[in-house]
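**Q** Sending over model-v2.cif (mmCIF, C-alpha atoms).
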```cif
data_upload
loop_
_atom_site.label_atom_id
_atom_site.label_comp_id
_atom_site.auth_asym_id
_atom_site.auth_seq_id
_atom_site.Cartn_x
_atom_site.Cartn_y
_atom_site.Cartn_z
CA MET D 820 12.58 4.49 7.38
CA ARG D 821 15.05 1.61 6.95
CA SER D 822 15.89 1.74 10.68
CA ALA D 823 12.18 1.50 11.55
CA ARG D 824 11.75 -1.51 9.25
CA TYR D 825 14.64 -3.33 10.92
CA THR D 826 13.29 -2.50 14.37
CA LEU D 827 9.88 -3.95 13.47
CA PHE D 828 11.48 -7.04 11.96
CA PHE D 829 13.61 -7.80 15.01
CA LEU D 830 10.60 -7.19 17.26
CA PHE D 831 8.66 -9.68 15.15
CA VAL D 832 11.25 -12.44 15.45
CA TRP D 833 11.59 -11.92 19.21
CA ILE D 834 7.83 -12.19 19.68
CA LEU D 835 7.72 -15.23 17.42
CA SER D 836 10.32 -17.02 19.53
CA SER D 837 8.12 -16.61 22.61
CA TYR D 838 5.35 -18.68 21.04
CA CYS D 839 7.26 -21.33 19.14
CA GLY D 840 8.37 -24.42 21.02
CA ALA D 841 11.19 -25.58 18.75
CA LYS D 842 14.56 -24.47 20.10
CA GLY D 843 18.20 -25.19 19.58
CA ARG D 844 20.61 -25.25 22.49
CA ILE D 845 23.74 -23.48 23.62
CA GLU D 846 26.60 -25.35 25.26
CA PHE D 847 29.65 -23.96 27.07
CA ARG D 848 32.43 -26.48 26.58
CA THR D 849 36.17 -27.04 26.84
CA MET D 850 38.53 -28.88 24.51
CA PRO D 851 42.04 -30.26 25.00
CA CYS D 852 44.73 -27.82 23.89
CA LYS D 853 48.35 -28.58 23.00
CA MET D 854 49.45 -25.64 20.84
CA LEU D 855 48.99 -22.69 23.21
CA GLN D 856 51.80 -22.21 25.71
CA GLY D 857 50.81 -23.18 29.25
CA ILE D 858 47.26 -24.19 28.24
CA SER D 859 45.86 -27.71 28.56
CA GLU D 860 42.17 -26.85 27.98
CA ARG D 861 40.47 -24.14 25.96
CA GLU D 862 36.89 -22.89 26.33
CA TYR D 863 34.38 -22.42 23.52
CA THR D 864 30.64 -21.98 23.06
CA VAL D 865 28.57 -23.89 20.51
CA TYR D 866 25.01 -23.41 19.27
CA LEU D 867 23.32 -26.55 17.95
CA PRO D 868 20.08 -25.99 16.02
CA ASP D 869 16.76 -27.60 16.83
CA GLY D 870 16.66 -31.19 15.59
CA TYR D 871 20.41 -31.76 15.90
CA ASP D 872 19.98 -34.68 18.32
CA ASP D 873 17.07 -36.20 16.42
CA SER D 874 18.71 -36.40 13.00
CA PRO D 875 22.03 -38.26 13.33
CA ASN D 876 22.50 -38.39 9.56
CA THR D 877 22.06 -34.66 9.04
CA TYR D 878 25.14 -32.47 8.67
CA TYR D 879 25.20 -28.68 8.99
CA PRO D 880 27.17 -25.66 7.76
CA VAL D 881 29.26 -23.98 10.44
CA CYS D 882 29.96 -20.37 11.33
CA TYR D 883 32.88 -19.42 13.57
CA LEU D 884 32.18 -16.29 15.65
CA LEU D 885 35.09 -14.27 17.04
CA HIS D 886 34.64 -11.85 19.95
CA GLY D 887 36.15 -8.43 20.62
CA GLY D 888 39.09 -7.31 22.73
CA ASN D 889 39.03 -8.25 26.43
CA CYS D 890 35.76 -10.10 25.88
CA SER D 891 34.86 -13.79 25.99
CA ASN D 892 33.44 -16.61 23.89
CA THR D 893 30.40 -16.53 26.20
CA ASP D 894 29.58 -12.91 25.27
CA TRP D 895 27.82 -13.97 22.07
CA GLU D 896 25.22 -15.70 24.23
CA THR D 897 25.29 -13.40 27.27
CA PHE D 898 25.08 -10.08 25.42
CA GLY D 899 24.30 -11.09 21.82
CA ARG D 900 21.59 -13.64 22.77
CA LEU D 901 22.90 -16.01 20.14
CA SER D 902 20.59 -18.95 20.88
CA SER D 903 17.39 -16.86 21.08
CA VAL D 904 18.27 -14.91 17.96
CA SER D 905 19.16 -18.06 16.00
CA ASP D 906 16.01 -19.88 17.10
CA SER D 907 13.86 -16.89 16.18
CA LEU D 908 15.42 -16.40 12.76
CA ILE D 909 15.20 -20.10 11.91
CA GLN D 910 11.57 -20.23 13.02
CA ALA D 911 10.84 -17.11 10.96
CA GLY D 912 12.27 -18.87 7.90
CA VAL D 913 14.99 -16.28 7.22
CA MET D 914 17.95 -18.29 8.56
CA GLU D 915 18.99 -21.79 7.55
CA SER D 916 19.86 -24.22 10.33
CA MET D 917 23.58 -24.23 11.04
CA ILE D 918 26.08 -24.83 13.82
CA VAL D 919 27.62 -21.70 15.33
CA VAL D 920 30.90 -21.92 17.24
CA CYS D 921 32.30 -19.11 19.41
CA ALA D 922 36.04 -19.37 19.94
CA GLU D 923 37.87 -18.05 23.01
CA GLY D 924 40.55 -15.51 22.10
CA ASN D 925 41.07 -13.60 25.33
CA LYS D 926 42.17 -15.68 28.29
CA ASN D 927 45.95 -15.61 28.84
CA ASN D 928 46.57 -13.35 25.81
CA MET D 929 44.02 -11.21 23.95
CA ILE D 930 45.04 -11.63 20.35
CA TRP D 931 43.81 -13.70 17.42
CA PHE D 932 47.18 -13.84 15.64
CA ASN D 933 50.50 -15.57 16.15
CA ALA D 934 53.05 -14.09 18.51
CA PRO D 935 56.42 -15.56 19.52
CA HIS D 936 54.99 -17.07 22.71
CA TRP D 937 51.35 -17.39 21.60
CA LYS D 938 50.62 -19.23 18.33
CA TYR D 939 46.90 -18.54 18.31
CA GLU D 940 46.34 -18.52 14.56
CA ASP D 941 48.13 -21.85 14.27
CA PHE D 942 45.96 -23.18 17.10
CA PHE D 943 42.78 -21.93 15.43
CA PHE D 944 43.42 -23.57 12.07
CA GLU D 945 45.45 -26.62 13.03
CA GLU D 946 43.79 -27.62 16.30
CA PHE D 947 40.51 -25.78 16.95
CA ILE D 948 38.74 -26.14 13.58
CA PRO D 949 39.75 -29.82 13.13
CA TYR D 950 38.58 -30.59 16.66
CA ILE D 951 35.21 -28.88 16.20
CA GLU D 952 34.58 -30.50 12.84
CA SER D 953 35.40 -33.94 14.18
CA CYS D 954 33.16 -33.57 17.26
CA PHE D 955 30.07 -32.13 15.56
CA ARG D 956 28.23 -33.02 12.37
CA VAL D 957 29.69 -30.29 10.21
CA LYS D 958 29.50 -30.34 6.42
CA LYS D 959 33.01 -30.52 5.06
CA GLY D 960 34.68 -27.97 2.83
CA LYS D 961 34.99 -24.26 2.31
CA GLN D 962 31.48 -23.93 0.86
CA TYR D 963 29.97 -24.74 4.27
CA ARG D 964 32.35 -22.79 6.52
CA SER D 965 32.27 -19.07 7.40
CA VAL D 966 33.90 -16.70 9.88
CA ALA D 967 32.50 -13.55 11.49
CA GLY D 968 33.30 -11.28 14.39
CA TYR D 969 33.01 -7.87 16.01
CA SER D 970 35.75 -5.35 16.83
CA MET D 971 39.08 -7.20 17.14
CA GLY D 972 37.24 -10.39 16.19
CA GLY D 973 35.94 -8.64 13.09
CA GLY D 974 39.46 -7.60 12.16
CA ALA D 975 40.68 -11.14 12.75
CA SER D 976 37.87 -12.48 10.53
CA VAL D 977 39.10 -10.28 7.68
CA VAL D 978 42.73 -11.29 8.21
CA TYR D 979 41.82 -14.98 8.46
CA GLY D 980 39.89 -14.68 5.20
CA LEU D 981 42.87 -13.04 3.48
CA ARG D 982 45.41 -15.51 4.82
CA HIS D 983 43.21 -18.61 4.40
CA PRO D 984 40.85 -17.93 1.46
CA ASP D 985 40.60 -21.69 0.86
CA MET D 986 38.91 -22.12 4.26
CA PHE D 987 35.90 -19.78 4.21
CA SER D 988 33.06 -19.06 1.83
CA VAL D 989 31.91 -15.96 3.76
CA VAL D 990 33.75 -13.40 5.88
CA TYR D 991 31.41 -11.08 7.81
CA ALA D 992 33.13 -8.21 9.67
CA MET D 993 31.18 -6.19 12.26
CA SER D 994 32.82 -2.94 13.40
CA ALA D 995 36.15 -4.49 12.50
CA TYR D 996 39.26 -3.27 14.34
CA LEU D 997 41.72 -3.34 11.47
CA ARG D 998 44.78 -1.26 12.35
CA ARG D 999 46.53 0.64 15.13
CA GLN D 1000 44.38 3.44 16.57
CA THR D 1001 45.01 6.00 19.30
CA LEU D 1002 42.24 5.43 21.84
CA ASP D 1003 41.90 6.97 25.30
CA PHE D 1004 40.53 3.81 26.91
CA LEU D 1005 43.74 1.93 26.04
CA LYS D 1006 46.08 4.37 27.82
CA ASN D 1007 46.11 2.44 31.11
CA ASP D 1008 46.19 -1.03 29.57
CA PRO D 1009 49.74 -2.41 29.90
CA THR D 1010 49.15 -4.94 27.11
CA ALA D 1011 47.59 -2.48 24.67
CA GLU D 1012 50.80 -1.59 22.84
CA TRP D 1013 51.64 -5.26 22.33
CA ARG D 1014 48.19 -5.94 20.85
CA GLN D 1015 48.19 -2.75 18.79
CA GLN D 1016 51.50 -3.67 17.19
CA ILE D 1017 50.35 -7.18 16.29
CA VAL D 1018 47.13 -5.79 14.81
CA GLU D 1019 49.16 -3.32 12.76
CA ASP D 1020 51.51 -6.10 11.66
CA HIS D 1021 48.44 -7.82 10.15
CA ASN D 1022 46.88 -4.65 8.69
CA PRO D 1023 44.59 -6.05 5.95
CA MET D 1024 44.68 -2.88 3.85
CA VAL D 1025 48.46 -3.23 3.53
CA THR D 1026 48.08 -6.92 2.70
CA ILE D 1027 45.53 -6.23 -0.04
CA ARG D 1028 47.44 -3.35 -1.62
CA ASN D 1029 50.70 -5.36 -1.71
CA SER D 1030 49.07 -8.50 -3.12
CA ASP D 1031 49.73 -10.26 -6.39
CA ALA D 1032 47.23 -11.45 -9.00
CA ALA D 1033 47.09 -14.99 -7.61
CA ARG D 1034 46.06 -13.83 -4.14
CA GLN D 1035 43.51 -11.44 -5.55
CA SER D 1036 42.00 -14.25 -7.60
CA ALA D 1037 41.67 -16.41 -4.47
CA TRP D 1038 40.05 -13.53 -2.55
CA ARG D 1039 37.43 -13.14 -5.27
CA GLN D 1040 36.21 -16.61 -4.31
CA VAL D 1041 35.28 -15.34 -0.82
CA ASP D 1042 32.06 -13.47 -0.03
CA TRP D 1043 33.15 -10.32 1.87
CA PHE D 1044 30.67 -8.38 4.00
CA ILE D 1045 31.58 -5.21 5.94
CA ASP D 1046 29.03 -3.97 8.51
CA CYS D 1047 29.82 -0.86 10.58
CA GLY D 1048 28.08 1.88 12.54
CA ASP D 1049 28.22 5.48 11.38
CA LYS D 1050 29.43 6.63 14.82
CA ASP D 1051 31.95 3.82 15.32
CA PHE D 1052 35.60 4.74 15.93
CA THR D 1053 36.53 2.01 13.42
CA PHE D 1054 34.45 3.63 10.67
CA ASP D 1055 37.36 5.21 8.76
CA ALA D 1056 39.40 2.01 8.82
CA ASN D 1057 36.44 0.00 7.53
CA ILE D 1058 35.99 2.46 4.67
CA ASP D 1059 39.71 2.15 3.91
CA LEU D 1060 39.24 -1.62 3.78
CA VAL D 1061 36.45 -1.20 1.26
CA GLN D 1062 38.63 1.13 -0.81
CA ALA D 1063 41.46 -1.41 -0.83
CA LEU D 1064 39.05 -4.12 -2.02
CA ARG D 1065 37.73 -1.80 -4.71
CA GLU D 1066 41.22 -0.99 -5.96
CA LYS D 1067 41.89 -4.69 -6.56
CA GLU D 1068 38.39 -5.33 -7.98
CA ILE D 1069 37.45 -7.74 -5.20
CA PRO D 1070 33.64 -7.88 -4.80
CA TYR D 1071 32.20 -7.01 -1.39
CA GLN D 1072 29.04 -5.97 0.43
CA LEU D 1073 29.06 -2.84 2.59
CA ARG D 1074 26.34 -1.76 5.04
CA ILE D 1075 26.46 1.30 7.28
CA TYR D 1076 23.79 1.72 9.96
CA GLY D 1077 23.29 4.19 12.76
CA GLY D 1078 25.22 3.23 15.86
CA GLY D 1079 28.52 2.93 17.67
CA HIS D 1080 30.92 0.33 18.99
CA ASP D 1081 28.66 -1.56 21.40
CA TRP D 1082 26.14 -4.35 21.79
CA ASP D 1083 23.26 -2.06 20.82
CA TYR D 1084 24.82 -2.24 17.37
CA TRP D 1085 26.18 -5.79 17.41
CA ARG D 1086 22.91 -7.48 18.41
CA PRO D 1087 21.10 -6.44 15.20
CA SER D 1088 24.37 -6.93 13.33
CA LEU D 1089 24.44 -10.54 14.53
CA CYS D 1090 20.93 -11.00 13.13
CA ARG D 1091 22.04 -9.62 9.77
CA ALA D 1092 25.14 -11.80 9.79
CA LEU D 1093 23.32 -15.05 10.62
CA ILE D 1094 20.74 -14.46 7.89
CA TYR D 1095 23.30 -13.52 5.26
CA ILE D 1096 25.82 -16.24 6.09
CA SER D 1097 23.31 -19.08 6.34
CA GLN D 1098 21.72 -18.17 3.01
CA ARG D 1099 25.16 -18.27 1.33
CA MET D 1100 26.05 -21.69 2.76
CA LYS D 1101 23.00 -23.65 1.65
#
```
Represent the structure contained in this file as structure tokens.
**A**
Amino acid sequence: MRSARYTLFFLFVWILSSYCGAKGRIEFRTMPCKMLQGISEREYTVYLPDGYDDSPNTYYPVCYLLHGGNCSNTDWETFGRLSSVSDSLIQAGVMESMIVVCAEGNKNNMIWFNAPHWKYEDFFFEEFIPYIESCFRVKKGKQYRSVAGYSMGGGASVVYGLRHPDMFSVVYAMSAYLRRQTLDFLKNDPTAEWRQQIVEDHNPMVTIRNSDAARQSAWRQVDWFIDCGDKDFTFDANIDLVQALREKEIPYQLRIYGGGHDWDYWRPSLCRALIYISQRMK
């Protein structure tokens, strides 16, 4: 019954978008880059809501979207239909207008964390976010900033929230890849072991269980949302994440829906995330 209700709702917002003229826009851009070895420019995608150009004194909350392994910042638009979904949800009155930024975490090295030759986390917080929030009319402060992602991007969202709880009001993890897993499709990937080890080095369950009271207090100031399919190979790890949060009495939201590790799941998950996040960042 719940699945049918969601299907009807998403059908409604898609139909609505066909008849409403007001639309935001998607832009595929590059920015100068100094902190990533051998990189002078870095790609990103940004969604700007309807009215952005007409209201120069209006500032917006911002959501940073992180993609999955071996994917691209453009996938949120190409496969997730970010602009159409956002327009539809805003027009339906269930999503507040906000800026959505899709970072690029794949080209050159697919990892969201620091490595000896690839300081991506430093780049993200010290170069990428400051650049975005100086170029676009973003409301300042943690209250108006969130991070979300699917698969490896979902795992990175959780880790970023744990390591930088002063930066985000909401962390929304979709099918989060949280720890080392033995997967057949990685057997022929020569970089898989390197990525797996770095993911395991940042295992959020270990971080939470080894934390002190001060860190736990900071994490309670973040709105945690875990969204995973019941047939997803990351299901057990996501449940372990929930258990770790429960053990430390850190509030969270958990939703399990039918589905696997693919865009058939992440498209409706993106709808849920945009609605939830925007309502929390009013």
**Q** Can you pull out the residues contacting segment 1053-1058 of chain D? Cut-off 8 Å, using all atoms listed in the file, and skip same-chain residues under 3 positions away; I want them as a PyMOL selection string.
**A** chain D and resi 994-998+1045+1047-1050+1061-1062
**Q** Emit the selected residues as a PDB file, in the coordinates of the input, including C-alpha atoms.
**A**
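And here's result.pdb as it stands now:
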```pdb
ATOM      1  CA  SER D 994      32.820  -2.940  13.400  1.00  0.00           C
ATOM      2  CA  ALA D 995      36.150  -4.490  12.500  1.00  0.00           C
ATOM      3  CA  TYR D 996      39.260  -3.270  14.340  1.00  0.00           C
ATOM      4  CA  LEU D 997      41.720  -3.340  11.470  1.00  0.00           C
ATOM      5  CA  ARG D 998      44.780  -1.260  12.350  1.00  0.00           C
ATOM      6  CA  ILE D1045      31.580  -5.210   5.940  1.00  0.00           C
ATOM      7  CA  CYS D1047      29.820  -0.860  10.580  1.00  0.00           C
ATOM      8  CA  GLY D1048      28.080   1.880  12.540  1.00  0.00           C
ATOM      9  CA  ASP D1049      28.220   5.480  11.380  1.00  0.00           C
ATOM     10  CA  LYS D1050      29.430   6.630  14.820  1.00  0.00           C
ATOM     11  CA  VAL D1061      36.450  -1.200   1.260  1.00  0.00           C
ATOM     12  CA  GLN D1062      38.630   1.130  -0.810  1.00  0.00           C
TER      13      GLN D1062
END
```
**Q** For the structure provided, state which residues fall under the PyMOL selection byres ((chain D and resi 974-976) around 10), and present them as a PyMOL selection string.
**A** chain D and resi 883-887+930-932+940+965-973+977-982+987+989-998+1018+1021-1023+1057
**Q** For the file shown, report as an MDAnalysis selection string the outcome of the PyMOL selection byres ((chain D and resi 848-854) around 8) at residue level.
**A** chainID D and resid 846:847 855:856 858:865 938:939 941:942 946
**Q** Hey, which of D:Phe898, D:Tyr1084, D:Trp1013, D:Tyr878 ends up closest to Glu952 of chain D? Count all atoms listed in the file.
**A** D:Tyr878
**Q** Using Å and a single decimal, report how far atom CA of Ser988 of chain D sits from atom CA of Tyr963 of chain D.
**A**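 Interatomic distance, atom CA of Tyr963 of chain D to atom CA of Ser988 of chain D: 6.9 Å.
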**Q** Between D:Pro880, D:Asp1051, D:Ser1036, D:Arg844, single out the one closest to Gly1077 of chain D, counting only C-alpha atoms.
**A**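 Nearest candidate to Gly1077 of chain D out of D:Pro880, D:Asp1051, D:Ser1036, D:Arg844: D:Asp1051.
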**Q** Distance atom CA of Leu1064 of chain D-atom CA of Gln1040 of chain D, one decimal place?
**A**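 Spanning atom CA of Leu1064 of chain D to atom CA of Gln1040 of chain D is a straight-line distance of 13.0 Å.
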**Q** I'd like to know which of D:Ile1094, D:Val913, D:Ala1063, D:Asp1046 is closest to Gly1079 of chain D, using all atoms listed in the file.
**A**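 Between D:Ile1094, D:Val913, D:Ala1063, D:Asp1046, the residue approaching Gly1079 of chain D most closely is D:Asp1046.
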**Q** I need the residue nearest Asp894 of chain D from this list: D:Cys921, D:Ala911, D:Ile1096, D:Val1025. Use only C-alpha atoms for the distance.
**A**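 Looking only at the distances to Asp894 of chain D, the closest residue turns out to be D:Cys921.
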**Q** Can you list, as number ranges by chain, the residues that the PyMOL selection byres ((chain D and resi 908) around 9) selects here?
**A** D: 832-833, 836, 903-907, 909-915, 1090, 1093-1094
**Q** Got time to write the residues from that selection, C-alpha atoms, as a short mmCIF file (atom, residue, chain, number, x, y, z; two decimals), in the coordinates of the input?
**A**
```
data_model
loop_
_atom_site.label_atom_id
_atom_site.label_comp_id
_atom_site.auth_asym_id
_atom_site.auth_seq_id
_atom_site.Cartn_x
_atom_site.Cartn_y
_atom_site.Cartn_z
CA VAL D 832 11.25 -12.44 15.45
CA TRP D 833 11.59 -11.92 19.21
CA SER D 836 10.32 -17.02 19.53
CA SER D 903 17.39 -16.86 21.08
CA VAL D 904 18.27 -14.91 17.96
CA SER D 905 19.16 -18.06 16.00
CA ASP D 906 16.01 -19.88 17.10
CA SER D 907 13.86 -16.89 16.18
CA ILE D 909 15.20 -20.10 11.91
CA GLN D 910 11.57 -20.23 13.02
CA ALA D 911 10.84 -17.11 10.96
CA GLY D 912 12.27 -18.87 7.90
CA VAL D 913 14.99 -16.28 7.22
CA MET D 914 17.95 -18.29 8.56
CA GLU D 915 18.99 -21.79 7.55
CA CYS D 1090 20.93 -11.00 13.13
CA LEU D 1093 23.32 -15.05 10.62
CA ILE D 1094 20.74 -14.46 7.89
#
```
**Q** Pick from D:Ala922, D:Ser916, D:Asp985, D:Gln962: nearest to Arg1034 of chain D, with all atoms listed in the file counted?
**A**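 Using all atoms listed in the file, the shortest distance to Arg1034 of chain D belongs to D:Asp985.
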**Q** Between D:Val919, D:Val957, D:Val1041, D:Met986, which has the minimum distance to Pro875 of chain D (counting only C-alpha atoms)?
**A**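 When distances to Pro875 of chain D are compared using only C-alpha atoms, the smallest one comes from D:Val957.
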**Q** Please, what distance in Å, to one decimal, runs between atom CA of Arg956 of chain D and atom CA of Val881 of chain D?
**A**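 A separation of 9.3 Å between them.
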